[in-house]
file my_file_0.cif (mmCIF, C-alpha atoms)
data_structure
loop_
_atom_site.label_atom_id
_atom_site.label_comp_id
_atom_site.auth_asym_id
_atom_site.auth_seq_id
_atom_site.Cartn_x
_atom_site.Cartn_y
_atom_site.Cartn_z
CA MET A 1 1.14 4.19 21.28
CA PHE A 2 3.92 5.73 19.17
CA LYS A 3 4.97 8.40 21.64
CA ASN A 4 8.61 8.01 22.68
CA LYS A 5 8.92 4.89 20.50
CA LYS A 6 11.72 4.04 18.07
CA ILE A 7 10.40 3.34 14.57
CA LEU A 8 11.93 2.07 11.33
CA VAL A 9 10.17 2.78 8.00
CA THR A 10 11.55 0.82 5.04
CA GLY A 11 10.89 2.45 1.68
CA GLY A 12 10.50 5.56 3.81
CA THR A 13 11.01 8.01 0.93
CA GLY A 14 8.31 6.48 -1.30
CA SER A 15 4.75 7.82 -1.67
CA ILE A 16 3.38 5.67 1.16
CA GLY A 17 6.52 5.47 3.29
CA SER A 18 6.98 9.25 3.42
CA GLU A 19 3.31 9.75 4.37
CA ILE A 20 3.70 7.16 7.16
CA VAL A 21 6.65 9.24 8.41
CA ARG A 22 4.56 12.44 8.29
CA GLN A 23 1.71 10.88 10.26
CA LEU A 24 4.01 9.24 12.81
CA LEU A 25 5.72 12.56 13.56
CA LYS A 26 2.42 13.84 15.01
CA TYR A 27 2.80 11.31 17.86
CA ASN A 28 6.24 12.56 18.94
CA PRO A 29 8.21 9.29 18.65
CA GLU A 30 11.73 9.20 20.07
CA VAL A 31 13.18 8.50 16.63
CA ILE A 32 12.07 7.54 13.12
CA ARG A 33 14.67 5.86 10.94
CA VAL A 34 13.92 6.36 7.24
CA PHE A 35 15.46 3.44 5.35
CA SER A 36 15.67 3.58 1.55
CA ARG A 37 18.00 3.20 -1.45
CA ASP A 38 17.53 6.67 -2.93
CA GLU A 39 19.68 9.39 -1.37
CA SER A 40 18.11 12.07 -3.60
CA LYS A 41 14.63 11.32 -2.25
CA GLN A 42 16.10 11.22 1.25
CA PHE A 43 17.52 14.70 0.71
CA MET A 44 14.10 16.02 -0.39
CA LEU A 45 12.34 14.44 2.61
CA GLN A 46 15.07 15.81 4.89
CA GLN A 47 14.33 19.34 3.62
CA GLU A 48 10.60 18.85 4.18
CA ASN A 49 11.14 17.62 7.75
CA ALA A 50 14.03 19.95 8.62
CA GLU A 51 12.26 21.17 11.78
CA PHE A 52 12.20 17.65 13.25
CA LYS A 53 15.30 16.49 15.11
CA ASN A 54 14.06 12.93 15.69
CA VAL A 55 14.30 11.68 12.07
CA ARG A 56 17.35 9.74 10.85
CA TYR A 57 18.05 8.89 7.20
CA LEU A 58 19.65 5.52 6.44
CA VAL A 59 20.75 4.56 2.94
CA GLY A 60 20.30 0.82 2.45
CA ASP A 61 18.53 -1.97 0.61
CA ILE A 62 16.27 -4.56 2.24
CA ARG A 63 18.12 -7.17 0.17
CA ASP A 64 21.07 -6.56 2.53
CA LYS A 65 20.22 -8.46 5.71
CA GLU A 66 23.23 -7.27 7.69
CA ARG A 67 22.33 -3.63 6.97
CA LEU A 68 18.75 -4.27 8.11
CA VAL A 69 19.90 -5.88 11.36
CA TYR A 70 21.93 -2.76 12.17
CA ALA A 71 19.11 -0.44 11.12
CA SER A 72 16.57 -2.20 13.35
CA LYS A 73 18.65 -2.29 16.55
CA ASP A 74 16.61 -1.03 19.55
CA ILE A 75 13.59 -0.46 17.26
CA ASP A 76 10.03 -0.88 18.62
CA TYR A 77 8.06 -0.83 15.35
CA ILE A 78 8.91 -1.61 11.72
CA PHE A 79 6.62 -0.32 8.96
CA HIS A 80 7.65 -2.11 5.79
CA ALA A 81 6.81 -0.12 2.63
CA ALA A 82 9.77 -1.03 0.38
CA ALA A 83 8.83 -3.11 -2.67
CA LEU A 84 9.00 -3.56 -6.41
CA LYS A 85 5.39 -2.68 -7.19
CA HIS A 86 4.98 -2.10 -10.94
CA VAL A 87 3.35 -5.05 -12.68
CA PRO A 88 5.07 -4.80 -16.12
CA SER A 89 8.49 -4.18 -14.55
CA CYS A 90 8.16 -7.29 -12.39
CA GLU A 91 7.00 -9.34 -15.40
CA TYR A 92 10.17 -8.50 -17.30
CA ASN A 93 12.47 -8.68 -14.25
CA PRO A 94 10.94 -11.51 -12.19
CA PHE A 95 13.92 -12.51 -10.09
CA GLU A 96 14.55 -8.87 -9.15
CA ALA A 97 10.99 -8.92 -7.77
CA VAL A 98 11.82 -12.10 -5.85
CA LYS A 99 14.98 -10.52 -4.39
CA THR A 100 13.09 -7.50 -3.05
CA ASN A 101 9.55 -8.71 -2.38
CA VAL A 102 10.44 -12.16 -1.03
CA ILE A 103 14.06 -12.35 0.13
CA GLY A 104 13.95 -8.74 1.34
CA VAL A 105 10.87 -9.48 3.45
CA GLN A 106 12.50 -12.56 4.98
CA ASN A 107 15.47 -10.33 5.88
CA ILE A 108 13.10 -7.95 7.67
CA ILE A 109 11.51 -10.83 9.58
CA GLU A 110 14.86 -12.17 10.73
CA ALA A 111 16.16 -8.70 11.66
CA ALA A 112 12.99 -8.07 13.70
CA ILE A 113 13.28 -11.39 15.56
CA THR A 114 17.01 -10.86 16.18
CA ASN A 115 16.38 -7.42 17.70
CA ASN A 116 13.14 -8.24 19.59
CA VAL A 117 11.14 -5.64 17.67
CA GLN A 118 7.65 -5.25 19.15
CA LYS A 119 5.65 -5.14 15.92
CA VAL A 120 6.16 -5.46 12.14
CA VAL A 121 3.49 -4.12 9.76
CA SER A 122 4.10 -5.16 6.14
CA ILE A 123 2.30 -3.50 3.24
CA SER A 124 0.67 -5.93 0.80
CA THR A 125 -1.58 -5.44 -2.24
CA ASP A 126 -4.87 -6.51 -3.81
CA LYS A 127 -2.79 -8.30 -6.44
CA VAL A 128 -2.00 -11.14 -3.99
CA VAL A 129 -5.57 -12.44 -4.34
CA ASN A 130 -5.65 -15.06 -7.11
CA PRO A 131 -2.42 -13.64 -8.55
CA MET A 132 -1.78 -13.84 -12.28
CA ASN A 133 1.39 -11.75 -12.43
CA THR A 134 4.87 -11.88 -10.93
CA MET A 135 4.31 -8.87 -8.73
CA GLY A 136 1.18 -10.41 -7.17
CA ALA A 137 2.85 -13.81 -6.76
CA THR A 138 5.91 -12.37 -5.00
CA LYS A 139 3.78 -10.16 -2.75
CA LEU A 140 1.57 -13.17 -1.89
CA LEU A 141 4.66 -15.10 -0.86
CA SER A 142 5.90 -12.13 1.18
CA GLU A 143 2.50 -11.95 2.89
CA ARG A 144 2.67 -15.66 3.74
CA LEU A 145 6.21 -15.25 5.08
CA VAL A 146 5.11 -12.45 7.40
CA LEU A 147 2.04 -14.32 8.66
CA ALA A 148 3.99 -17.57 9.16
CA ALA A 149 6.67 -15.71 11.14
CA GLU A 150 4.07 -15.29 13.87
CA HIS A 151 4.28 -19.06 14.42
CA TYR A 152 8.01 -19.75 14.26
CA LYS A 153 9.35 -16.70 16.09
CA GLY A 154 9.98 -18.76 19.23
CA ASN A 155 9.96 -16.61 22.36
CA ALA A 156 10.59 -13.36 20.45
CA PRO A 157 7.95 -10.73 21.39
CA THR A 158 7.43 -9.55 17.79
CA ILE A 159 3.88 -9.30 16.40
CA PHE A 160 3.64 -9.67 12.60
CA THR A 161 0.78 -8.31 10.51
CA CYS A 162 -0.04 -7.29 6.90
CA VAL A 163 -2.12 -4.55 5.28
CA ARG A 164 -3.61 -5.01 1.79
CA PHE A 165 -3.89 -1.93 -0.40
CA GLY A 166 -5.87 -1.17 -3.52
CA ASN A 167 -4.56 1.40 -6.00
CA VAL A 168 -3.11 4.40 -4.21
CA MET A 169 -4.23 7.63 -5.87
CA GLY A 170 -1.41 9.95 -6.86
CA SER A 171 1.42 7.62 -5.83
CA ARG A 172 4.56 7.59 -8.00
CA GLY A 173 4.00 5.74 -11.26
CA SER A 174 0.24 5.45 -10.76
CA VAL A 175 -2.44 6.20 -13.34
CA ILE A 176 -3.70 9.64 -12.22
CA PRO A 177 -0.33 11.46 -12.58
CA LEU A 178 0.05 9.74 -15.98
CA PHE A 179 -3.39 10.89 -17.14
CA LYS A 180 -2.74 14.46 -15.96
CA TYR A 181 0.58 14.54 -17.80
CA GLN A 182 -1.05 13.26 -21.00
CA ILE A 183 -3.90 15.79 -20.81
CA GLU A 184 -1.65 18.77 -20.06
CA ASN A 185 0.61 17.86 -22.98
CA GLY A 186 -2.21 17.23 -25.46
CA LYS A 187 -1.43 13.53 -25.77
CA PRO A 188 -4.11 10.82 -26.09
CA LEU A 189 -5.25 9.30 -22.79
CA THR A 190 -4.13 5.68 -22.90
CA ILE A 191 -6.32 3.15 -21.13
CA THR A 192 -5.63 -0.55 -21.37
CA HIS A 193 -9.27 -1.76 -21.40
CA ASN A 194 -12.65 -0.01 -21.37
CA GLU A 195 -14.10 -2.32 -18.70
CA MET A 196 -11.18 -2.21 -16.24
CA THR A 197 -12.15 -1.48 -12.62
CA ARG A 198 -9.96 -0.72 -9.60
CA PHE A 199 -10.18 -0.09 -5.87
CA MET A 200 -8.94 3.40 -5.04
CA MET A 201 -7.55 4.93 -1.85
CA SER A 202 -5.69 8.15 -1.12
CA ILE A 203 -2.10 8.30 0.16
CA PRO A 204 -3.21 9.64 3.59
CA GLN A 205 -5.87 6.88 3.82
CA ALA A 206 -3.26 4.26 2.99
CA ALA A 207 -0.83 5.50 5.64
CA SER A 208 -3.61 5.82 8.21
CA LEU A 209 -4.64 2.20 7.58
CA VAL A 210 -1.09 1.07 8.28
CA LEU A 211 -1.06 2.87 11.63
CA ASP A 212 -4.53 1.53 12.52
CA ALA A 213 -3.42 -2.01 11.73
CA SER A 214 -0.50 -1.66 14.10
CA LYS A 215 -2.94 -0.70 16.87
CA TYR A 216 -5.51 -3.45 16.24
CA SER A 217 -3.28 -6.40 15.31
CA ASN A 218 -3.09 -9.52 17.45
CA GLY A 219 -0.57 -11.11 15.09
CA GLY A 220 -0.87 -13.21 11.93
CA ASP A 221 -3.73 -11.12 10.53
CA VAL A 222 -4.36 -9.14 7.33
CA PHE A 223 -6.16 -5.77 7.31
CA VAL A 224 -8.12 -4.55 4.27
CA LEU A 225 -9.50 -1.02 3.94
CA LYS A 226 -13.04 -0.61 2.63
CA MET A 227 -12.64 1.62 -0.39
CA PRO A 228 -14.56 2.87 -3.43
CA VAL A 229 -14.38 1.25 -6.87
CA LEU A 230 -14.20 3.09 -10.19
CA ARG A 231 -13.85 2.36 -13.89
CA ILE A 232 -10.51 3.53 -15.25
CA LYS A 233 -12.19 4.80 -18.43
CA GLU A 234 -14.56 6.98 -16.39
CA LEU A 235 -11.61 8.27 -14.34
CA ALA A 236 -9.91 9.29 -17.61
CA GLU A 237 -13.09 10.96 -18.89
CA THR A 238 -13.60 12.83 -15.60
CA LEU A 239 -10.05 14.23 -15.59
CA ASN A 240 -10.37 15.15 -19.26
CA GLU A 241 -13.63 17.03 -18.67
CA ASP A 242 -12.31 18.72 -15.53
CA TYR A 243 -9.30 20.11 -17.43
CA VAL A 244 -11.48 21.41 -20.27
CA ASN A 245 -13.91 23.06 -17.82
CA LYS A 246 -11.07 24.91 -16.09
CA ASN A 247 -9.18 25.97 -19.23
CA GLU A 248 -11.18 28.05 -21.68
CA GLY A 249 -10.61 27.24 -25.35
CA ILE A 250 -9.01 23.86 -24.63
CA LYS A 251 -10.40 20.82 -26.41
CA PRO A 252 -10.53 17.39 -24.74
CA VAL A 253 -7.85 14.93 -25.77
CA ASP A 254 -8.70 11.59 -27.36
CA ILE A 255 -9.03 8.45 -25.26
CA LYS A 256 -7.24 5.48 -26.78
CA GLU A 257 -7.61 1.83 -25.75
CA VAL A 258 -4.13 0.27 -26.03
CA GLY A 259 -4.69 -3.27 -24.71
CA ILE A 260 -3.98 -4.96 -21.40
CA ARG A 261 -0.32 -4.91 -20.34
CA PRO A 262 1.61 -8.10 -19.46
CA GLY A 263 0.27 -9.49 -16.18
CA GLU A 264 -2.56 -6.97 -15.85
CA LYS A 265 -6.08 -7.99 -14.70
CA LEU A 266 -9.45 -6.53 -15.71
CA TYR A 267 -10.53 -6.27 -12.09
CA GLU A 268 -8.92 -6.68 -8.67
CA GLU A 269 -9.84 -8.65 -5.56
CA LEU A 270 -9.02 -7.82 -1.95
CA MET A 271 -10.47 -10.90 -0.25
CA THR A 272 -11.53 -14.37 -1.41
CA VAL A 273 -14.69 -16.20 -0.33
CA GLU A 274 -12.51 -18.62 1.67
CA GLU A 275 -10.79 -15.75 3.46
CA SER A 276 -14.13 -14.10 4.24
CA GLU A 277 -14.97 -17.10 6.45
CA ARG A 278 -12.19 -15.91 8.78
CA ALA A 279 -12.94 -12.20 8.31
CA TYR A 280 -14.35 -9.60 10.68
CA GLU A 281 -15.17 -5.96 9.99
CA ASN A 282 -15.82 -2.53 11.38
CA GLU A 283 -16.95 0.61 9.54
CA LYS A 284 -13.55 1.25 7.94
CA MET A 285 -11.91 -2.12 7.32
CA PHE A 286 -11.87 -5.91 7.33
CA VAL A 287 -9.44 -8.07 9.25
CA ILE A 288 -8.72 -11.59 7.98
CA LEU A 289 -7.54 -13.77 10.83
CA SER A 290 -4.71 -16.27 10.48
CA HIS A 291 -5.45 -19.60 8.80
CA LEU A 292 -2.69 -21.10 10.97
CA LYS A 293 -4.28 -20.31 14.33
CA GLU A 294 -6.68 -22.76 15.98
CA LYS A 295 -8.40 -20.08 18.04
CA LEU A 296 -9.51 -16.99 16.13
CA GLU A 297 -9.83 -13.79 18.14
CA ALA A 298 -11.06 -10.64 16.41
CA PRO A 299 -9.89 -7.18 17.55
CA HIS A 300 -12.22 -5.20 19.80
CA GLY A 301 -15.04 -3.51 17.87
CA PHE A 302 -15.01 -5.91 14.88
CA LYS A 303 -18.01 -8.09 13.97
CA LYS A 304 -18.21 -11.20 11.74
CA ALA A 305 -18.09 -10.31 8.04
CA GLU A 306 -20.43 -11.64 5.38
CA ARG A 307 -19.26 -14.73 3.49
CA LYS A 308 -18.42 -13.26 0.08
CA ALA A 309 -15.48 -12.19 -2.05
CA TYR A 310 -14.46 -8.54 -1.97
CA SER A 311 -13.91 -7.73 -5.65
CA SER A 312 -14.02 -4.68 -7.93
CA HIS A 313 -15.76 -6.87 -10.56
CA ASP A 314 -19.23 -6.88 -9.00
CA ALA A 315 -18.98 -3.73 -6.85
CA THR A 316 -21.00 -0.57 -7.47
CA THR A 317 -18.70 1.89 -9.25
CA LEU A 318 -18.51 5.62 -8.59
CA SER A 319 -20.32 8.05 -10.91
CA LYS A 320 -18.28 10.72 -12.70
CA GLN A 321 -19.43 13.34 -10.18
CA GLU A 322 -18.41 11.07 -7.31
CA ILE A 323 -15.02 10.51 -8.97
CA LEU A 324 -14.57 14.27 -9.31
CA ASN A 325 -15.53 14.80 -5.66
CA LEU A 326 -12.98 12.16 -4.64
CA LEU A 327 -10.26 13.79 -6.76
CA LYS A 328 -11.02 17.19 -5.20
CA GLU A 329 -10.96 15.70 -1.71
CA VAL A 330 -7.36 14.53 -2.19
CA ASN A 331 -6.27 17.52 -4.35
CA LEU A 332 -5.81 15.47 -7.53
CA ASP A 333 -8.23 17.39 -9.75
CA PHE A 334 -7.00 20.15 -12.07
#
call {"tool": "encode", "arguments": {"input": "my_file_0.cif", "output": "structure tokens"}}
result
Amino acid sequence: MFKNKKILVTGGTGSIGSEIVRQLLKYNPEVIRVFSRDESKQFMLQQENAEFKNVRYLVGDIRDKERLVYASKDIDYIFHAAALKHVPSCEYNPFEAVKTNVIGVQNIIEAAITNNVQKVVSISTDKVVNPMNTMGATKLLSERLVLAAEHYKGNAPTIFTCVRFGNVMGSRGSVIPLFKYQIENGKPLTITHNEMTRFMMSIPQAASLVLDASKYSNGGDVFVLKMPVLRIKELAETLNEDYVNKNEGIKPVDIKEVGIRPGEKLYEELMTVEESERAYENEKMFVILSHLKEKLEAPHGFKKAERKAYSSHDATTLSKQEILNLLKEVNLDF
């Protein structure tokens, strides 16, 4: 469905955005426009994709609506990956989070409607479920804006959908690169709480989910990948042990509990009980249908989901060996 199509990827130089670009290039689209603020990251991605003549690099900020309107002219699909995503940063700079995660998303919606874009897929997060931090609250509002756009777009052909992520393994600023840096430099491994659990997905899985959502979506729906759950402490211990096993004479570093950061939760949720009443599933994912539609129509191949919350709190967590296998699978072990 992407062959010969024109595609815009916002945040296209980030961990997820750049992987979306890589996967889209396999389908031979007419053009991919990589839209981001960072010209240095654009330069690096340009070097990586030098063999491809169908990639354009646009410097811009989603806070700038006029720039977005120009960038999305004649575009068929928008994959929206630009965001302020770090919980502590958003806690200390809340209105900056609003400008990007809320106003920026509304700019994308209006640019898509103005230019009759076929489909918009916006990346959301597990932190939108019962949010207790600024990042989660702004991403929840952005999710609601995208889903509501399906109902006020008038006669525009655009289909709007969202994809909820868990933690993305190895993405910039995430916990695994931090732990590896601390271990390699002999520093204590800092965990915020011994009982903290998280959903985990790889960067390729995350990008693949985004593309799948664009294929399945009927509009106004939210897609959630089924993913494993692990304890952050056991992740730290596994990496620590893996480094020691592969480096003779090296001693494991200490693990230090430093306390929960501002806005951080002990566990994450990807779907509430109330949402599960409108949810369907296949082997890989859930789809939560719009609460604004009278008639709910699940995508082909999805069956009704069980009525229950999808939370890392009561899920079976991976063993250390399973964590190590997962790290090896995505080349994040030592």
call {"tool": "closest_residue", "arguments": {"input": "my_file_0.cif", "among": "A:Asn115, A:Val253, A:Pro157, A:Ser319", "to": "Ile232 (chain A)", "atoms": "all atoms listed in the file"}}
result
A:Ser319
call {"tool": "resolve_selection", "arguments": {"input": "my_file_0.cif", "expression": "the PyMOL selection byres ((chain A and resi 268) around 7)", "output": "list in words"}}
result
Asp126, Lys127, Arg198, Lys265, Tyr267, Glu269, Leu270, Ser311 and Ser312 of chain A
call {"tool": "atom_distance", "arguments": {"input": "my_file_0.cif", "atom1": "CA of Leu266 (chain A)", "atom2": "CA of Thr316 (chain A)"}}
result
15.4 Å
call {"tool": "resolve_selection", "arguments": {"input": "my_file_0.cif", "expression": "the PyMOL selection byres ((chain A and resi 331-334) around 7)", "output": "list in words"}}
result
Leu239, Asp242, Tyr243, Leu327, Lys328, Glu329 and Val330 of chain A
call {"tool": "residues_around", "arguments": {"input": "my_file_0.cif", "residues": "Ile203 (chain A)", "least_positions_apart": "2", "cutoff": "12 Å", "atoms": "only C-alpha atoms", "output": "number ranges by chain"}}
result
A: 14-20, 22-23, 165-172, 174, 200-201, 205-210, 329-332
call {"tool": "write_last_selection", "arguments": {"input": "my_file_0.cif", "atoms": "C-alpha atoms", "output": "PDB file, in the frame of the given file"}}
result
ATOM      1  CA  GLY A  14       8.310   6.480  -1.300  1.00  0.00           C
ATOM      2  CA  SER A  15       4.750   7.820  -1.670  1.00  0.00           C
ATOM      3  CA  ILE A  16       3.380   5.670   1.160  1.00  0.00           C
ATOM      4  CA  GLY A  17       6.520   5.470   3.290  1.00  0.00           C
ATOM      5  CA  SER A  18       6.980   9.250   3.420  1.00  0.00           C
ATOM      6  CA  GLU A  19       3.310   9.750   4.370  1.00  0.00           C
ATOM      7  CA  ILE A  20       3.700   7.160   7.160  1.00  0.00           C
ATOM      8  CA  ARG A  22       4.560  12.440   8.290  1.00  0.00           C
ATOM      9  CA  GLN A  23       1.710  10.880  10.260  1.00  0.00           C
ATOM     10  CA  PHE A 165      -3.890  -1.930  -0.400  1.00  0.00           C
ATOM     11  CA  GLY A 166      -5.870  -1.170  -3.520  1.00  0.00           C
ATOM     12  CA  ASN A 167      -4.560   1.400  -6.000  1.00  0.00           C
ATOM     13  CA  VAL A 168      -3.110   4.400  -4.210  1.00  0.00           C
ATOM     14  CA  MET A 169      -4.230   7.630  -5.870  1.00  0.00           C
ATOM     15  CA  GLY A 170      -1.410   9.950  -6.860  1.00  0.00           C
ATOM     16  CA  SER A 171       1.420   7.620  -5.830  1.00  0.00           C
ATOM     17  CA  ARG A 172       4.560   7.590  -8.000  1.00  0.00           C
ATOM     18  CA  SER A 174       0.240   5.450 -10.760  1.00  0.00           C
ATOM     19  CA  MET A 200      -8.940   3.400  -5.040  1.00  0.00           C
ATOM     20  CA  MET A 201      -7.550   4.930  -1.850  1.00  0.00           C
ATOM     21  CA  GLN A 205      -5.870   6.880   3.820  1.00  0.00           C
ATOM     22  CA  ALA A 206      -3.260   4.260   2.990  1.00  0.00           C
ATOM     23  CA  ALA A 207      -0.830   5.500   5.640  1.00  0.00           C
ATOM     24  CA  SER A 208      -3.610   5.820   8.210  1.00  0.00           C
ATOM     25  CA  LEU A 209      -4.640   2.200   7.580  1.00  0.00           C
ATOM     26  CA  VAL A 210      -1.090   1.070   8.280  1.00  0.00           C
ATOM     27  CA  GLU A 329     -10.960  15.700  -1.710  1.00  0.00           C
ATOM     28  CA  VAL A 330      -7.360  14.530  -2.190  1.00  0.00           C
ATOM     29  CA  ASN A 331      -6.270  17.520  -4.350  1.00  0.00           C
ATOM     30  CA  LEU A 332      -5.810  15.470  -7.530  1.00  0.00           C
TER      31      LEU A 332
END
call {"tool": "residues_around", "arguments": {"input": "my_file_0.cif", "residues": "Thr100 (chain A)", "least_positions_apart": "4", "cutoff": "12 Å", "atoms": "all atoms listed in the file", "output": "PyMOL selection string"}}
result
chain A and resi 10-11+37+61-65+80-85+90+93-96+104-108+135+138-139+141-142
call {"tool": "write_last_selection", "arguments": {"input": "my_file_0.cif", "atoms": "C-alpha atoms", "output": "CSV table (one decimal), in the coordinates of the input"}}
result
chain,number,residue,atom,x,y,z
A,10,THR,CA,11.6,0.8,5.0
A,11,GLY,CA,10.9,2.4,1.7
A,37,ARG,CA,18.0,3.2,-1.4
A,61,ASP,CA,18.5,-2.0,0.6
A,62,ILE,CA,16.3,-4.6,2.2
A,63,ARG,CA,18.1,-7.2,0.2
A,64,ASP,CA,21.1,-6.6,2.5
A,65,LYS,CA,20.2,-8.5,5.7
A,80,HIS,CA,7.6,-2.1,5.8
A,81,ALA,CA,6.8,-0.1,2.6
A,82,ALA,CA,9.8,-1.0,0.4
A,83,ALA,CA,8.8,-3.1,-2.7
A,84,LEU,CA,9.0,-3.6,-6.4
A,85,LYS,CA,5.4,-2.7,-7.2
A,90,CYS,CA,8.2,-7.3,-12.4
A,93,ASN,CA,12.5,-8.7,-14.2
A,94,PRO,CA,10.9,-11.5,-12.2
A,95,PHE,CA,13.9,-12.5,-10.1
A,96,GLU,CA,14.6,-8.9,-9.2
A,104,GLY,CA,14.0,-8.7,1.3
A,105,VAL,CA,10.9,-9.5,3.4
A,106,GLN,CA,12.5,-12.6,5.0
A,107,ASN,CA,15.5,-10.3,5.9
A,108,ILE,CA,13.1,-8.0,7.7
A,135,MET,CA,4.3,-8.9,-8.7
A,138,THR,CA,5.9,-12.4,-5.0
A,139,LYS,CA,3.8,-10.2,-2.8
A,141,LEU,CA,4.7,-15.1,-0.9
A,142,SER,CA,5.9,-12.1,1.2
call {"tool": "residues_around", "arguments": {"input": "my_file_0.cif", "residues": "Ile113 (chain A)", "least_positions_apart": "3", "cutoff": "6 Å", "atoms": "only C-alpha atoms", "output": "mmCIF file with C-alpha atoms, in the coordinates of the input"}}
result
data_model
loop_
_atom_site.group_PDB
_atom_site.id
_atom_site.type_symbol
_atom_site.label_atom_id
_atom_site.label_comp_id
_atom_site.auth_asym_id
_atom_site.auth_seq_id
_atom_site.Cartn_x
_atom_site.Cartn_y
_atom_site.Cartn_z
ATOM 1 C CA GLU A 110 14.860 -12.170 10.730
ATOM 2 C CA ASN A 116 13.140 -8.240 19.590
ATOM 3 C CA ALA A 156 10.590 -13.360 20.450
#
call {"tool": "closest_residue", "arguments": {"input": "my_file_0.cif", "among": "A:Met44, A:Val31, A:Leu178, A:Leu25", "to": "Asp76 (chain A)", "atoms": "only C-alpha atoms"}}
result
A:Val31
call {"tool": "residues_around", "arguments": {"input": "my_file_0.cif", "residues": "Glu184 (chain A)", "least_positions_apart": "3", "cutoff": "12 Å", "atoms": "all atoms listed in the file", "output": "PDB file with C-alpha atoms, in the frame of the given file"}}
result
ATOM      1  CA  PRO A 177      -0.330  11.460 -12.580  1.00  0.00           C
ATOM      2  CA  LEU A 178       0.050   9.740 -15.980  1.00  0.00           C
ATOM      3  CA  PHE A 179      -3.390  10.890 -17.140  1.00  0.00           C
ATOM      4  CA  LYS A 180      -2.740  14.460 -15.960  1.00  0.00           C
ATOM      5  CA  TYR A 181       0.580  14.540 -17.800  1.00  0.00           C
ATOM      6  CA  LYS A 187      -1.430  13.530 -25.770  1.00  0.00           C
ATOM      7  CA  PRO A 188      -4.110  10.820 -26.090  1.00  0.00           C
ATOM      8  CA  LEU A 189      -5.250   9.300 -22.790  1.00  0.00           C
ATOM      9  CA  LEU A 239     -10.050  14.230 -15.590  1.00  0.00           C
ATOM     10  CA  ASN A 240     -10.370  15.150 -19.260  1.00  0.00           C
ATOM     11  CA  ASP A 242     -12.310  18.720 -15.530  1.00  0.00           C
ATOM     12  CA  TYR A 243      -9.300  20.110 -17.430  1.00  0.00           C
ATOM     13  CA  VAL A 244     -11.480  21.410 -20.270  1.00  0.00           C
ATOM     14  CA  LYS A 246     -11.070  24.910 -16.090  1.00  0.00           C
ATOM     15  CA  ASN A 247      -9.180  25.970 -19.230  1.00  0.00           C
ATOM     16  CA  ILE A 250      -9.010  23.860 -24.630  1.00  0.00           C
ATOM     17  CA  LYS A 251     -10.400  20.820 -26.410  1.00  0.00           C
ATOM     18  CA  PRO A 252     -10.530  17.390 -24.740  1.00  0.00           C
ATOM     19  CA  VAL A 253      -7.850  14.930 -25.770  1.00  0.00           C
ATOM     20  CA  PHE A 334      -7.000  20.150 -12.070  1.00  0.00           C
TER      21      PHE A 334
END
call {"tool": "axis_aligned_box", "arguments": {"input": "my_file_0.cif", "around": "region 160-174 of chain A", "padding_each_side": "8 Å", "output": "AutoDock Vina command-line options"}}
result
--center_x -0.7 --center_y 0.1 --center_z 0.7 --size_x 26.4 --size_y 35.6 --size_z 39.9
call {"tool": "decode", "arguments": {"input": "my_file_0.cif", "residues": "region 229-236 of chain A", "atoms": "N, CA, C and O atoms", "output": "PDB file, in the first residue's frame"}}
result
ATOM      1  N   VAL A 229       6.580  -8.074  29.570  1.00  0.00           N
ATOM      2  CA  VAL A 229       6.745  -7.205  30.734  1.00  0.00           C
ATOM      3  C   VAL A 229       7.973  -7.670  31.516  1.00  0.00           C
ATOM      4  O   VAL A 229       8.207  -8.872  31.659  1.00  0.00           O
ATOM      5  N   LEU A 230       8.749  -6.724  32.006  1.00  0.00           N
ATOM      6  CA  LEU A 230       9.905  -7.090  32.838  1.00  0.00           C
ATOM      7  C   LEU A 230      10.056  -6.133  34.010  1.00  0.00           C
ATOM      8  O   LEU A 230       9.539  -5.024  33.993  1.00  0.00           O
ATOM      9  N   ARG A 231      10.769  -6.609  35.037  1.00  0.00           N
ATOM     10  CA  ARG A 231      11.126  -5.758  36.165  1.00  0.00           C
ATOM     11  C   ARG A 231      12.420  -5.023  35.820  1.00  0.00           C
ATOM     12  O   ARG A 231      13.387  -5.640  35.346  1.00  0.00           O
ATOM     13  N   ILE A 232      12.436  -3.734  36.055  1.00  0.00           N
ATOM     14  CA  ILE A 232      13.618  -2.939  35.725  1.00  0.00           C
ATOM     15  C   ILE A 232      14.836  -3.407  36.521  1.00  0.00           C
ATOM     16  O   ILE A 232      15.956  -3.447  35.998  1.00  0.00           O
ATOM     17  N   LYS A 233      14.630  -3.820  37.775  1.00  0.00           N
ATOM     18  CA  LYS A 233      15.749  -4.306  38.578  1.00  0.00           C
ATOM     19  C   LYS A 233      16.366  -5.557  37.950  1.00  0.00           C
ATOM     20  O   LYS A 233      17.592  -5.703  37.880  1.00  0.00           O
ATOM     21  N   GLU A 234      15.508  -6.466  37.446  1.00  0.00           N
ATOM     22  CA  GLU A 234      16.015  -7.696  36.849  1.00  0.00           C
ATOM     23  C   GLU A 234      16.676  -7.411  35.493  1.00  0.00           C
ATOM     24  O   GLU A 234      17.620  -8.110  35.107  1.00  0.00           O
ATOM     25  N   LEU A 235      16.218  -6.393  34.794  1.00  0.00           N
ATOM     26  CA  LEU A 235      16.899  -5.954  33.574  1.00  0.00           C
ATOM     27  C   LEU A 235      18.313  -5.477  33.905  1.00  0.00           C
ATOM     28  O   LEU A 235      19.290  -5.849  33.231  1.00  0.00           O
ATOM     29  N   ALA A 236      18.432  -4.669  34.974  1.00  0.00           N
ATOM     30  CA  ALA A 236      19.745  -4.170  35.405  1.00  0.00           C
ATOM     31  C   ALA A 236      20.656  -5.321  35.798  1.00  0.00           C
ATOM     32  O   ALA A 236      21.837  -5.368  35.414  1.00  0.00           O
TER      33      ALA A 236
END
